[in-house]
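A.B. asks: Hey, dropping input23.txt in here, compact mmCIF, C-alpha atoms:
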# COMPACT_ATOMS: atom_id res chain seq x y z
CA MET A 1116 112.74 67.41 42.76
CA LYS A 1117 114.32 64.66 44.90
CA LYS A 1118 112.81 66.23 48.05
CA LEU A 1119 109.40 66.37 46.39
CA LEU A 1120 109.62 62.71 45.35
CA SER A 1121 110.68 61.72 48.89
CA ALA A 1122 107.76 63.59 50.42
CA MET A 1123 105.36 61.94 47.96
CA ALA A 1124 106.82 58.53 48.80
CA VAL A 1125 106.25 59.10 52.55
CA ILE A 1126 102.65 60.17 51.93
CA LEU A 1127 102.05 57.15 49.68
CA MET A 1128 103.52 54.76 52.29
CA ALA A 1129 101.35 56.31 55.01
CA PHE A 1130 98.28 55.84 52.84
CA ILE A 1131 99.11 52.17 52.19
CA LEU A 1132 99.75 51.43 55.88
CA THR A 1133 96.57 53.16 56.98
CA ALA A 1134 94.54 51.30 54.36
CA CYS A 1135 95.96 48.05 55.71
CA GLY A 1136 94.87 48.94 59.22
CA VAL A 1137 98.33 49.77 60.53
CA LYS A 1138 98.55 52.82 62.84
CA ILE A 1139 101.45 55.17 62.32
CA GLN A 1140 102.87 57.90 64.51
CA GLY A 1141 100.78 61.03 64.28
CA ASP A 1142 97.71 59.15 63.10
CA PRO A 1143 94.70 60.80 64.81
CA GLY A 1144 93.28 57.33 65.36
CA ILE A 1145 95.91 56.58 68.02
CA LYS A 1146 94.61 57.12 71.53
CA SER A 1147 96.79 58.63 74.21
CA GLU A 1148 97.12 57.12 77.69
CA THR A 1149 94.53 59.58 78.96
CA ASP A 1150 92.06 58.42 76.29
CA LYS A 1151 92.23 54.79 77.38
CA LYS A 1152 89.41 53.56 79.56
CA PRO A 1153 90.49 52.49 83.05
CA GLU A 1154 90.71 48.84 83.94
CA ALA A 1155 90.63 46.97 87.24
CA PRO A 1156 93.95 47.11 89.11
CA PRO A 1157 96.21 44.03 89.10
CA ALA A 1158 96.09 41.55 91.96
CA GLY A 1159 97.94 42.85 94.99
CA THR A 1160 97.01 46.47 94.28
CA LEU A 1161 94.07 48.28 95.85
CA GLN A 1162 92.25 51.03 94.02
CA VAL A 1163 89.65 53.23 95.69
CA LYS A 1164 87.82 55.59 93.36
CA MET A 1165 85.29 58.21 94.45
CA LEU A 1166 83.10 58.50 91.38
CA ASP A 1167 81.85 61.86 90.21
CA VAL A 1168 78.09 61.30 90.42
CA GLY A 1169 76.90 64.73 91.51
CA GLN A 1170 75.69 65.32 95.05
CA GLY A 1171 75.46 61.66 96.08
CA ASP A 1172 78.13 59.15 97.12
CA ALA A 1173 79.40 56.25 95.04
CA ILE A 1174 82.82 54.82 95.88
CA LEU A 1175 84.28 51.95 93.88
CA ILE A 1176 86.81 49.65 95.56
CA ARG A 1177 88.79 47.03 93.61
CA ASN A 1178 91.84 44.89 94.33
CA GLY A 1179 92.10 42.89 91.13
CA LYS A 1180 89.89 40.11 92.50
CA LYS A 1181 87.00 41.80 94.31
CA THR A 1182 84.76 44.69 93.29
CA ILE A 1183 82.94 46.56 96.05
CA LEU A 1184 80.68 49.60 95.87
CA ILE A 1185 79.96 51.84 98.85
CA ASP A 1186 76.72 53.74 98.19
CA THR A 1187 75.00 54.13 94.84
CA SER A 1188 74.61 57.86 94.03
CA ASP A 1189 71.57 60.12 94.21
CA ILE A 1190 68.20 58.98 92.93
CA ASP A 1191 68.35 61.80 90.33
CA GLU A 1192 71.89 60.93 89.22
CA LYS A 1193 71.50 57.36 87.97
CA LYS A 1194 72.62 58.37 84.49
CA LYS A 1195 75.95 59.57 85.90
CA LEU A 1196 76.33 56.36 87.92
CA LYS A 1197 75.67 54.30 84.79
CA GLU A 1198 78.26 56.30 82.82
CA ARG A 1199 80.92 56.04 85.52
CA LEU A 1200 80.51 52.28 85.94
CA ALA A 1201 80.64 51.80 82.16
CA GLU A 1202 83.86 53.83 82.03
CA GLU A 1203 85.31 51.60 84.74
CA LYS A 1204 84.24 48.43 82.89
CA VAL A 1205 82.44 47.07 85.94
CA THR A 1206 80.49 43.86 85.25
CA SER A 1207 79.58 42.59 88.73
CA PHE A 1208 79.87 43.32 92.45
CA ASP A 1209 81.16 41.07 95.19
CA ALA A 1210 79.58 43.41 97.74
CA VAL A 1211 77.55 46.59 97.91
CA ILE A 1212 77.54 48.59 101.16
CA LEU A 1213 74.70 51.06 101.72
CA THR A 1214 75.64 53.44 104.51
CA HIS A 1215 72.10 54.70 105.24
CA PRO A 1216 68.67 55.03 103.57
CA HIS A 1217 68.88 58.51 102.08
CA ALA A 1218 68.19 59.05 98.38
CA ASP A 1219 71.63 60.53 97.70
CA HIS A 1220 73.34 57.37 98.97
CA MET A 1221 71.11 54.51 97.91
CA GLY A 1222 69.17 56.19 95.11
CA GLY A 1223 70.83 54.04 92.45
CA ILE A 1224 70.49 50.68 94.18
CA ASP A 1225 67.64 49.61 91.93
CA TYR A 1226 69.84 50.20 88.87
CA ILE A 1227 72.64 48.16 90.44
CA LEU A 1228 70.44 45.22 91.43
CA LYS A 1229 68.65 45.14 88.08
CA ASN A 1230 71.76 45.33 85.90
CA PHE A 1231 74.64 43.62 87.73
CA PRO A 1232 75.20 40.31 89.48
CA VAL A 1233 75.59 41.18 93.18
CA ALA A 1234 76.86 38.60 95.67
CA ILE A 1235 75.70 40.39 98.84
CA VAL A 1236 74.37 43.74 100.02
CA TYR A 1237 75.19 45.22 103.43
CA ASP A 1238 73.13 47.99 105.02
CA ASN A 1239 72.75 49.66 108.41
CA GLY A 1240 69.49 47.91 109.25
CA GLN A 1241 67.44 51.09 109.55
CA ALA A 1242 64.11 51.05 107.76
CA ALA A 1243 62.78 54.01 105.81
CA LYS A 1244 59.48 54.90 104.17
CA PRO A 1245 60.44 56.30 100.72
CA LYS A 1246 59.62 54.23 97.65
CA PHE A 1247 63.29 53.73 96.73
CA TYR A 1248 63.77 51.86 100.01
CA THR A 1249 60.71 49.61 99.68
CA ASN A 1250 61.74 48.88 96.08
CA TYR A 1251 65.19 47.93 97.35
CA LEU A 1252 63.72 45.35 99.74
CA LYS A 1253 61.47 44.04 96.98
CA LEU A 1254 64.38 43.60 94.56
CA LEU A 1255 66.47 41.77 97.15
CA LYS A 1256 63.67 39.28 97.57
CA GLU A 1257 62.85 38.92 93.87
CA LYS A 1258 66.45 38.35 92.84
CA LYS A 1259 67.29 36.28 95.90
CA ILE A 1260 70.28 38.44 96.74
CA LYS A 1261 71.84 37.93 100.17
CA SER A 1262 71.77 40.87 102.55
CA LYS A 1263 73.17 41.54 106.00
CA THR A 1264 72.95 44.30 108.57
CA LEU A 1265 76.29 45.70 109.68
CA THR A 1266 76.83 46.52 113.36
CA ALA A 1267 79.75 48.07 115.23
CA GLY A 1268 82.29 45.33 115.86
CA ASP A 1269 81.71 43.50 112.59
CA VAL A 1270 84.70 42.93 110.31
CA LEU A 1271 84.27 42.14 106.62
CA ASP A 1272 87.18 40.09 105.29
CA PHE A 1273 87.31 40.35 101.49
CA GLY A 1274 90.44 38.22 101.23
CA ASP A 1275 93.99 39.00 100.10
CA GLY A 1276 94.49 41.29 103.09
CA LEU A 1277 91.51 43.56 102.38
CA ARG A 1278 89.28 44.18 105.42
CA PHE A 1279 86.56 46.59 106.48
CA ALA A 1280 86.17 47.14 110.24
CA VAL A 1281 82.76 48.53 111.25
CA TYR A 1282 82.63 51.13 114.06
CA SER A 1283 79.04 52.37 113.81
CA PRO A 1284 76.08 52.05 114.26
CA THR A 1285 75.61 49.99 117.41
CA LYS A 1286 72.50 47.91 118.12
CA GLU A 1287 71.44 50.50 120.68
CA MET A 1288 71.69 53.28 118.11
CA ARG A 1289 69.40 51.39 115.75
CA LYS A 1290 66.84 50.87 118.52
CA ASP A 1291 66.90 54.61 119.15
CA GLY A 1292 66.31 55.19 115.43
CA GLY A 1293 68.80 58.04 115.15
CA MET A 1294 66.74 60.49 117.17
CA GLU A 1295 67.97 64.06 117.50
CA ASN A 1296 65.94 66.79 119.21
CA GLY A 1297 62.84 64.63 119.03
CA LYS A 1298 63.21 63.97 115.28
CA ILE A 1299 64.68 61.08 113.33
CA ASN A 1300 68.01 61.92 111.68
CA LEU A 1301 68.97 59.04 109.39
CA ASN A 1302 72.51 60.41 109.03
CA ILE A 1303 73.36 59.56 112.64
CA ASN A 1304 73.19 55.80 112.05
CA SER A 1305 75.36 55.85 108.92
CA ILE A 1306 77.78 52.96 108.59
CA VAL A 1307 81.22 54.18 109.67
CA GLY A 1308 84.22 51.95 109.21
CA ARG A 1309 87.88 51.68 108.30
CA LEU A 1310 89.15 50.02 105.13
CA GLU A 1311 92.45 48.23 105.78
CA PHE A 1312 94.95 46.86 103.27
CA GLY A 1313 98.48 46.16 104.45
CA ASP A 1314 99.68 49.37 106.07
CA PHE A 1315 97.07 51.47 104.27
CA ARG A 1316 94.01 52.78 106.15
CA MET A 1317 91.01 54.77 104.90
CA MET A 1318 88.05 55.95 106.98
CA PHE A 1319 84.53 55.77 105.53
CA THR A 1320 81.90 57.83 107.23
CA GLY A 1321 78.68 57.95 105.20
CA ASP A 1322 76.79 61.02 106.39
CA GLY A 1323 77.71 60.52 110.03
CA GLU A 1324 77.08 63.58 112.19
CA LYS A 1325 79.16 65.02 115.04
CA VAL A 1326 77.32 62.78 117.53
CA THR A 1327 78.25 59.78 115.36
CA GLU A 1328 81.91 60.81 115.39
CA GLU A 1329 81.83 61.28 119.17
CA GLY A 1330 80.37 57.81 119.67
CA VAL A 1331 83.02 56.15 117.52
CA LEU A 1332 85.84 57.87 119.41
CA ARG A 1333 84.28 57.03 122.77
CA ARG A 1334 83.96 53.33 121.93
CA TYR A 1335 87.19 52.74 120.00
CA GLY A 1336 89.64 55.55 120.76
CA ASN A 1337 91.83 57.61 118.46
CA GLU A 1338 94.20 54.91 117.28
CA ALA A 1339 91.40 52.77 115.84
CA VAL A 1340 90.32 55.52 113.44
CA ARG A 1341 93.79 56.72 112.36
CA ALA A 1342 93.93 56.73 108.55
CA SER A 1343 95.78 58.26 105.61
CA ILE A 1344 92.56 59.10 103.75
CA LEU A 1345 89.23 60.33 105.09
CA LYS A 1346 85.99 60.08 103.14
CA SER A 1347 84.71 63.46 104.28
CA PRO A 1348 81.62 62.94 106.47
CA HIS A 1349 78.34 64.19 105.00
CA HIS A 1350 79.86 65.70 101.83
CA GLY A 1351 81.94 68.14 103.89
CA SER A 1352 79.05 69.38 106.01
CA LYS A 1353 79.56 71.64 109.04
CA THR A 1354 77.34 69.24 111.05
CA SER A 1355 80.20 66.73 110.81
CA ASN A 1356 83.97 66.97 110.52
CA SER A 1357 84.44 67.93 114.17
CA GLU A 1358 87.90 69.02 115.24
CA ALA A 1359 88.18 66.11 117.69
CA PHE A 1360 87.37 63.57 114.99
CA LEU A 1361 89.78 65.08 112.48
CA LYS A 1362 92.55 65.14 115.09
CA ALA A 1363 91.91 61.47 115.82
CA VAL A 1364 91.85 60.33 112.18
CA LYS A 1365 94.77 62.63 111.35
CA PRO A 1366 94.39 62.13 107.58
CA ASP A 1367 96.76 63.40 104.91
CA TRP A 1368 93.82 63.83 102.57
CA ALA A 1369 90.05 64.16 102.65
CA ILE A 1370 87.99 63.34 99.58
CA ILE A 1371 84.61 65.00 99.19
CA SER A 1372 81.67 63.98 97.01
CA CYS A 1373 79.35 66.88 96.20
CA GLY A 1374 77.35 68.36 93.35
CA VAL A 1375 78.25 71.49 91.41
CA ASN A 1376 76.70 74.59 93.05
CA ASN A 1377 74.71 72.34 95.39
CA ASP A 1378 72.02 73.83 97.62
CA TYR A 1379 73.73 72.68 100.82
CA HIS A 1380 76.96 74.68 100.47
CA HIS A 1381 78.98 71.44 100.53
CA PRO A 1382 81.81 71.40 101.28
CA HIS A 1383 81.09 74.09 103.82
CA PRO A 1384 83.59 77.00 104.04
CA SER A 1385 84.10 76.38 107.76
CA VAL A 1386 85.11 72.78 107.05
CA ARG A 1387 87.46 73.80 104.26
CA ASN A 1388 89.05 76.31 106.62
CA ARG A 1389 89.38 73.64 109.30
CA TYR A 1390 91.07 71.30 106.82
CA GLY A 1391 93.47 74.10 105.94
CA LYS A 1392 94.38 74.86 109.55
CA MET A 1393 94.92 71.16 110.22
CA LYS A 1394 97.00 70.73 107.05
CA ILE A 1395 94.55 68.26 105.50
CA ASP A 1396 94.65 68.40 101.71
CA PHE A 1397 91.43 67.65 99.87
CA TYR A 1398 89.89 66.93 96.51
CA ARG A 1399 86.20 67.43 95.70
CA THR A 1400 84.24 65.79 92.90
CA ASP A 1401 82.35 68.93 91.87
CA ILE A 1402 85.64 70.51 90.78
CA ASN A 1403 88.08 67.59 90.48
CA GLY A 1404 85.87 64.86 88.97
CA ASN A 1405 86.77 61.27 89.84
CA ILE A 1406 89.29 60.92 92.68
CA THR A 1407 91.54 57.84 92.72
CA ILE A 1408 93.70 56.33 95.45
CA THR A 1409 96.03 53.46 94.56
CA THR A 1410 98.18 51.41 96.95
CA THR A 1411 99.95 48.10 97.32
CA GLY A 1412 99.52 48.34 101.07
CA ARG A 1413 103.20 49.07 101.58
CA LYS A 1414 105.58 51.89 100.73
CA VAL A 1415 106.84 52.00 97.16
CA ASP A 1416 109.45 54.64 96.29
CA GLY A 1417 108.83 56.10 99.73
CA LYS A 1418 105.07 56.44 99.30
CA LEU A 1419 102.32 54.33 100.83
CA TYR A 1420 99.68 55.38 98.30
CA ARG A 1421 99.14 57.63 95.32
CA ILE A 1422 96.18 59.97 94.97
CA SER A 1423 95.09 61.71 91.79
CA ALA A 1424 92.14 63.67 90.49
CA GLN A 1425 90.62 63.69 87.04
CA LYS A 1426 90.99 67.47 86.73
CA GLY A 1427 91.68 70.70 88.61
CA LYS A 1428 93.89 71.23 91.62
CA LYS A 1429 93.83 70.27 95.29
CA ASN A 1430 92.28 72.48 97.98
CA ASP A 1431 90.25 74.39 95.39
CA GLN A 1432 88.25 77.08 97.19
CA THR A 1433 86.10 78.14 94.23
CA GLY A 1434 82.36 77.63 94.39
CA TYR A 1435 80.83 77.12 97.81
For this file, write the structure as structure tokens.
C.D. replies:
Amino acid sequence: MKKLLSAMAVILMAFILTACGVKIQGDPGIKSETDKKPEAPPAGTLQVKMLDVGQGDAILIRNGKKTILIDTSDIDEKKKLKERLAEEKVTSFDAVILTHPHADHMGGIDYILKNFPVAIVYDNGQAAKPKFYTNYLKLLKEKKIKSKTLTAGDVLDFGDGLRFAVYSPTKEMRKDGGMENGKINLNINSIVGRLEFGDFRMMFTGDGEKVTEEGVLRRYGNEAVRASILKSPHHGSKTSNSEAFLKAVKPDWAIISCGVNNDYHHPHPSVRNRYGKMKIDFYRTDINGNITITTTGRKVDGKLYRISAQKGKKNDQTGY
């Protein structure tokens, strides 16, 4: 009887506390750490997050003071971009960098410009004919948002030790228009650059092709592109990710943005095999979801950065 009365007392107390709005252990209303929505990193910490937005690119960079977005997802994936940014509690952008005028990289720029304060937009200066591009120019003008063309040699200083050094395209490349075999290839003139924060380095490549990689190495040499993390060129395409470029960057990890069962076979099996032979680990958004790199710019507990994926395992060879 005493045990029964004790059990009833515990149940009664739990009921009273819950009615008063007090959470108790085991209450299903309590959220675990994994249920909590992410917040911007504290000052002095850099967070780079490749957002899972399907086939396109959208990479969120924050250091506690500045919020930067590199590319804005595919034109058909704006809903995913909206969801990811809401999850990240993003309210404004200090800079948006558009690597090149393809729909899977700047398809969501209209959503960004219409719904967020944006201090400045950087692009590669190459014009395109699709409606999403002309709408982009129209919105810049209507909202009086500053814009600037990035050229090899430019360095963006975001403050607090965060810099982005631009390696491509050159002025001459823009004049050429990215011609390949008599046809325009907009990928060639993608913005390629290295993000730098303390001792941490990460290479961004847009959809740069093998000829883009060769040009960067020719102009700047191997040491200038050395980095711990590589944003896999062109979603892991076999037209990029040349052995010479990978040897120069010498990354620990590559991160790949691609859609589930995409029509392009990204990341290509030959590239995945090359990564394996060169001992480059990788995560891919189609299997791993959001991919997050966090660093203070110096080694902590023997590590310069920490990388994690939302789900799955590294080097997953399933799918394409």
A.B. asks: Ranking A:Asp1401, A:Asp1416, A:Asp1431, A:Asp1219 by minimum distance to Asp1167 in chain A and counting all atoms listed in the file, which one comes first?
C.D. replies: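 For Asp1167 in chain A, the nearest of the candidates is A:Asp1401.
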A.B. asks: With only C-alpha atoms as the basis for distance, which of A:Lys1204, A:His1380, A:Arg1413, A:Lys1426 is at the shortest distance from Glu1311 in chain A?
C.D. replies: A:Arg1413
A.B. asks: Which one of A:Trp1368, A:Phe1231, A:Tyr1398, A:Tyr1226 sits closest to Thr1206 in chain A if you count all atoms listed in the file?
C.D. replies: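 Using all atoms listed in the file, the shortest distance to Thr1206 in chain A belongs to A:Phe1231.
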A.B. asks: Gly1391 in chain A: which residues within 12 Å, counting all atoms listed in the file, same-chain residues fewer than 5 positions away excluded, as a PDB file with C-alpha atoms, in the coordinates of the input?
C.D. replies:
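Printed below is around36.pdb as written:
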ATOM      1  CA  GLU A1358      87.900  69.020 115.240  1.00  0.00           C
ATOM      2  CA  LEU A1361      89.780  65.080 112.480  1.00  0.00           C
ATOM      3  CA  ASP A1367      96.760  63.400 104.910  1.00  0.00           C
ATOM      4  CA  TRP A1368      93.820  63.830 102.570  1.00  0.00           C
ATOM      5  CA  ALA A1369      90.050  64.160 102.650  1.00  0.00           C
ATOM      6  CA  PRO A1384      83.590  77.000 104.040  1.00  0.00           C
ATOM      7  CA  SER A1385      84.100  76.380 107.760  1.00  0.00           C
ATOM      8  CA  VAL A1386      85.110  72.780 107.050  1.00  0.00           C
ATOM      9  CA  ASP A1396      94.650  68.400 101.710  1.00  0.00           C
ATOM     10  CA  PHE A1397      91.430  67.650  99.870  1.00  0.00           C
ATOM     11  CA  LYS A1429      93.830  70.270  95.290  1.00  0.00           C
ATOM     12  CA  ASN A1430      92.280  72.480  97.980  1.00  0.00           C
ATOM     13  CA  ASP A1431      90.250  74.390  95.390  1.00  0.00           C
ATOM     14  CA  GLN A1432      88.250  77.080  97.190  1.00  0.00           C
TER      15      GLN A1432
END
A.B. asks: Within 8 Å of (79.0, 45.5, 88.0) in the file's own coordinates, which protein, DNA or RNA residues have an atom, counting all atoms listed in the file? List them as an mmCIF file with C-alpha atoms, keeping the file's coordinate frame.
C.D. replies:
data_model
loop_
_atom_site.group_PDB
_atom_site.id
_atom_site.type_symbol
_atom_site.label_atom_id
_atom_site.label_comp_id
_atom_site.auth_asym_id
_atom_site.auth_seq_id
_atom_site.Cartn_x
_atom_site.Cartn_y
_atom_site.Cartn_z
ATOM 1 C CA THR A 1182 84.760 44.690 93.290
ATOM 2 C CA LEU A 1200 80.510 52.280 85.940
ATOM 3 C CA LYS A 1204 84.240 48.430 82.890
ATOM 4 C CA VAL A 1205 82.440 47.070 85.940
ATOM 5 C CA THR A 1206 80.490 43.860 85.250
ATOM 6 C CA SER A 1207 79.580 42.590 88.730
ATOM 7 C CA PHE A 1208 79.870 43.320 92.450
ATOM 8 C CA ILE A 1227 72.640 48.160 90.440
ATOM 9 C CA ASN A 1230 71.760 45.330 85.900
ATOM 10 C CA PHE A 1231 74.640 43.620 87.730
ATOM 11 C CA PRO A 1232 75.200 40.310 89.480
ATOM 12 C CA VAL A 1233 75.590 41.180 93.180
#
A.B. asks: Edge lengths and centre in Å to one decimal, as JSON, of the axis-aligned box that encloses all listed atoms of range 1290-1297 of chain A with 3 Å added on every side?
C.D. replies:
{"center_x": 65.8, "center_y": 58.8, "center_z": 117.2, "size_x": 12.0, "size_y": 21.9, "size_z": 10.1}
A.B. asks: Taking 4 positions as the minimum chain separation for residues in the same chain, which residues sit within 10 Å of Arg1199 in chain A when counting all atoms listed in the file? Answer as a PyMOL selection string.
C.D. replies: chain A and resi 1166-1168+1173+1175+1193-1195+1203-1205+1405
A.B. asks: Between A:Ile1395, A:Ala1424, A:Thr1433, A:Gly1321, which has the minimum distance to Thr1407 in chain A (counting all atoms listed in the file)?
C.D. replies: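 For Thr1407 in chain A, the nearest of the given residues is A:Ala1424.
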